[in-house]
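This report concerns only the one structure given below.
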Amino acid sequence: MHKLLHVVVVFFLFVPVASARELIPMGQTVQIDLEMPHYVVVQDVYLDSGEWLKKGDKILTINNKPVSKLDQLPFEESKLKVERQGKEQSIQVSKQEMTQLSQFIRNHTTGLGTLTYIDPDAQQFGALGHQIIDQTLGIAPRVYRGALYIANVEKIKKSEPGIPGYKVSQHRQQLAIGDVDTNEVYGIFGKWQQPLQQSLPPARKIIHGKKIEVGPAILQTSIAGEKVEQFAIQINEITGETFRFTIEDASLIEKTGGIIQGMSGSPIIQNDNFVGAVTHMFVETPTKGAAISIVEMIKRNPK
């Protein structure tokens with residue numbers, strides 16, 4: 001059985017595009033910064049009281065006051081109200097433990113992926129093609145607010161059979177290109193914040209999976225700097241609104257070994273139509289991947 005991997009690196013609206021006829025396929029590598037509505041415990045902590053703070057606990061209040069910034073932590077014996085597996089409970093924490101608590105909690109997550117599209121009419125964007133999962137917490141974090149930045153790809157670690165490759169990159173822009181509103185099953189979505197320049201790719205018609213064809217197509221993505229390039233792929237199998245493909249472009253295989261982490265969300269073009277976005281790689285065969293139709297990606301955004 002093949003092993004699948006989401007190809008996004010994670011460390012640790014009503015979007016009226018469902019009826020859109022044309023979207024701009026992008027392909028830029030982006031850094032995603034998400035702020036969660038609560039501080040969350042990132043590892044199990046045994047307390048002097050004999051109780052535990054457990055990884056994934058949401059800290060709701062400290063001494064009956066909501067906590068929103070780490071510098072608001074009181075350095076005194078305190079009572080924490082936490083939510084664990086949907087239930088609230090109170091936990092007593094000593095003064096010494098409170099001084100160390102900031103090492104074990106955070107309210108943000110960050111990662112890399114690929115910008116999938118811009119809706120030029122609604123000034124909205126979508127990226128990734130799947131949900132961000134915080135690997136430390138093992139959960140899909142709820143978004144309080146978030147931002148999207150263009151990232152500069154500085155180095156590529158090539159994929160090998162059984163060993164996924166990845167991008168090494170950083171963002172240099174001070175201004176976010178978009179505000180992330182939601183982290184949903186088929187991607188992150190939000191408001192585009194920059195002018196739509198003439199240098200952007202042309203908007204293309206979007207189509208359902210039933211109109212996608214077995215045959216050649218184009219993968220649009222960034223593997224060096226901020227440049228977006230097009231690479232040849234072959235769509236091999238279509239199942240409803242998902243499909244599988246193989247990388248055919250020798251230059252991409254030479255540079256990356258196939259699909260690498262950080263390519264998740266890369267748009268796919270066929271017959272001048274915008275047909276889908278990369279979602280997974282096959283770990284044992286990194287030249288093979290899976291994608292979702294762009295119409296399904298948009299439709300499944302629940303807002």
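For the structure tokens, the naming scheme is as follows: chains receive sequential letters (A, B, ...) according to their order of presentation, residues are indexed from 1 within each chain, and ligands are indexed from 1 in presentation order.
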
Residue neighbourhood Gln85 of chain A, 9 Å, only C-alpha atoms, exclusion window fewer than 3 positions, as a VMD selection string | chain A and resid 56 to 57 88

Sorted by chain and rising residue number, list the residues of segment 171-247 of chain A at most 12 Å from segment 107-123 of chain A (counting only C-alpha atoms), each with its closest atom pair and distance in Å to one decimal, as a Markdown table.
```
| residue | atom | partner | partner_atom | distance |
| --- | --- | --- | --- | --- |
| A:His171 | CA | A:Leu112 | CA | 10.1 |
| A:Ile177 | CA | A:Leu115 | CA | 10.6 |
| A:Gly178 | CA | A:Gln123 | CA | 9.6 |
| A:Asp179 | CA | A:Gln123 | CA | 11.1 |
| A:Val180 | CA | A:Leu115 | CA | 11.9 |
| A:Asn183 | CA | A:Thr109 | CA | 11.7 |
| A:Tyr186 | CA | A:Thr116 | CA | 11.3 |
| A:Gly187 | CA | A:Thr116 | CA | 9.2 |
| A:Ile188 | CA | A:Leu115 | CA | 9.4 |
| A:Phe189 | CA | A:Tyr117 | CA | 9.9 |
| A:Gly190 | CA | A:Gln123 | CA | 8.8 |
| A:Lys191 | CA | A:Gln123 | CA | 6.2 |
| A:Trp192 | CA | A:Gln123 | CA | 5.3 |
| A:Gln193 | CA | A:Gln123 | CA | 7.8 |
| A:Gln194 | CA | A:Gln123 | CA | 9.0 |
| A:Pro195 | CA | A:Gln123 | CA | 9.3 |
| A:Leu196 | CA | A:Pro120 | CA | 7.4 |
| A:Gln197 | CA | A:Pro120 | CA | 10.6 |
| A:Gln198 | CA | A:Pro120 | CA | 11.8 |
| A:Leu200 | CA | A:Ile118 | CA | 9.8 |
| A:Pro201 | CA | A:Ile118 | CA | 10.1 |
| A:Pro202 | CA | A:Pro120 | CA | 10.3 |
| A:Ala203 | CA | A:Pro120 | CA | 8.1 |
| A:Arg204 | CA | A:Tyr117 | CA | 10.2 |
| A:Lys205 | CA | A:Asp119 | CA | 11.4 |
| A:Ile206 | CA | A:Tyr117 | CA | 10.8 |
| A:Leu219 | CA | A:Thr116 | CA | 11.1 |
| A:Gln220 | CA | A:Thr116 | CA | 9.2 |
| A:Thr221 | CA | A:Thr114 | CA | 7.4 |
| A:Ser222 | CA | A:Thr114 | CA | 8.1 |
| A:Ile223 | CA | A:Thr114 | CA | 10.5 |
| A:Glu226 | CA | A:Thr114 | CA | 11.3 |
| A:Val228 | CA | A:Thr114 | CA | 10.5 |
```

Of the candidates A:Ala224, A:Ala291, A:Ile259, A:Val275, which one gets nearest to Leu23 of chain A if we count only C-alpha atoms?
-> A:Val275

For each of A:Ile156, A:Ile207, A:Val283, A:Leu73, take the minimum atom-to-atom distance to Glu254 of chain A, counting only C-alpha atoms, then give the residue where this is smallest.
-> A:Ile156

Asp181 of chain A: which residues within 12 Å, counting only C-alpha atoms, same-chain residues fewer than 3 positions away excluded, as number ranges by chain?
-> A: 13-15, 32-36, 124-127, 142-148, 178, 184, 187-192, 301-303

Kindly export the residues of the current selection with C-alpha atoms, as a short mmCIF file (atom, residue, chain, number, x, y, z; two decimals), in the first residue's frame.
```
data_model
loop_
_atom_site.label_atom_id
_atom_site.label_comp_id
_atom_site.auth_asym_id
_atom_site.auth_seq_id
_atom_site.Cartn_x
_atom_site.Cartn_y
_atom_site.Cartn_z
CA LEU A 13 -15.42 33.91 4.56
CA PHE A 14 -17.90 33.48 2.85
CA VAL A 15 -15.81 33.05 -0.22
CA ILE A 32 1.71 30.96 6.73
CA ASP A 33 1.54 32.40 10.24
CA LEU A 34 -1.55 31.47 12.25
CA GLU A 35 -2.55 32.80 15.65
CA MET A 36 -4.86 30.57 17.67
CA GLN A 124 -9.95 36.37 -2.01
CA PHE A 125 -7.25 33.70 -2.05
CA GLY A 126 -6.94 29.98 -1.38
CA ALA A 127 -3.81 27.96 -0.63
CA ARG A 142 -8.51 27.13 14.84
CA VAL A 143 -7.55 30.52 13.45
CA TYR A 144 -7.97 33.70 15.47
CA ARG A 145 -6.09 35.60 12.83
CA GLY A 146 -3.34 34.82 10.37
CA ALA A 147 -1.13 36.23 7.64
CA LEU A 148 0.39 35.05 4.37
CA GLY A 178 -3.18 38.20 2.56
CA GLU A 184 -10.34 24.20 6.59
CA GLY A 187 -7.02 24.62 2.44
CA ILE A 188 -6.58 28.01 4.03
CA PHE A 189 -8.66 30.92 2.75
CA GLY A 190 -8.77 34.64 3.28
CA LYS A 191 -8.67 38.19 1.96
CA TRP A 192 -6.05 39.22 -0.62
CA ASN A 301 -14.80 25.92 2.04
CA PRO A 302 -17.68 25.95 4.56
CA LYS A 303 -18.17 29.70 4.98
#
```

Which of these residues is nearest to Ile260 of chain A, using only C-alpha atoms: A:Tyr166, A:Phe282, A:Phe75, A:Tyr39?
->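 That would be A:Tyr166, the residue with the smallest distance to Ile260 of chain A.
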
Compile the contact shell of Leu47 of chain A as a PyMOL selection string: residues with an atom at most 10 Å away, counting only C-alpha atoms, same-chain residues fewer than 2 positions apart removed.
-> chain A and resi 44-45+49-53+91-94+97

One decimal place gives the atom CA of Asp48 of chain A-atom CA of Gln96 of chain A separation as 9.7 Å

Quick one: pull the distance between atom CA of Asp249 of chain A and atom CA of Val278 of chain A, Å, one decimal.
->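 Distance between the two atoms: 15.8 Å.
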
Please, what distance in Å, to one decimal, runs between atom CA of Gln43 of chain A and atom CA of Phe104 of chain A?
->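 Answer for the atom CA of Gln43 of chain A to atom CA of Phe104 of chain A separation: 6.3 Å.
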
Just list the residues in segment 55-289 of chain A DSSP gives strand (DSSP E) on the backbone, as a ChimeraX atom specification.
-> /A:58-62,78-84,87-93,105-119,124-127,145-157,166-171,178-184,187-192,204-205,215-224,227-239,242-247,267-270,273-282,288-289

Between A:Lys79, A:Lys155, A:His208, A:Lys167, smallest distance to Thr29 of chain A by only C-alpha atoms belongs to A:Lys167

A:Thr246, A:Gln270, A:Thr256, A:Asn152 ranked by distance to Gln28 of chain A, top pick (using only C-alpha atoms) | A:Asn152
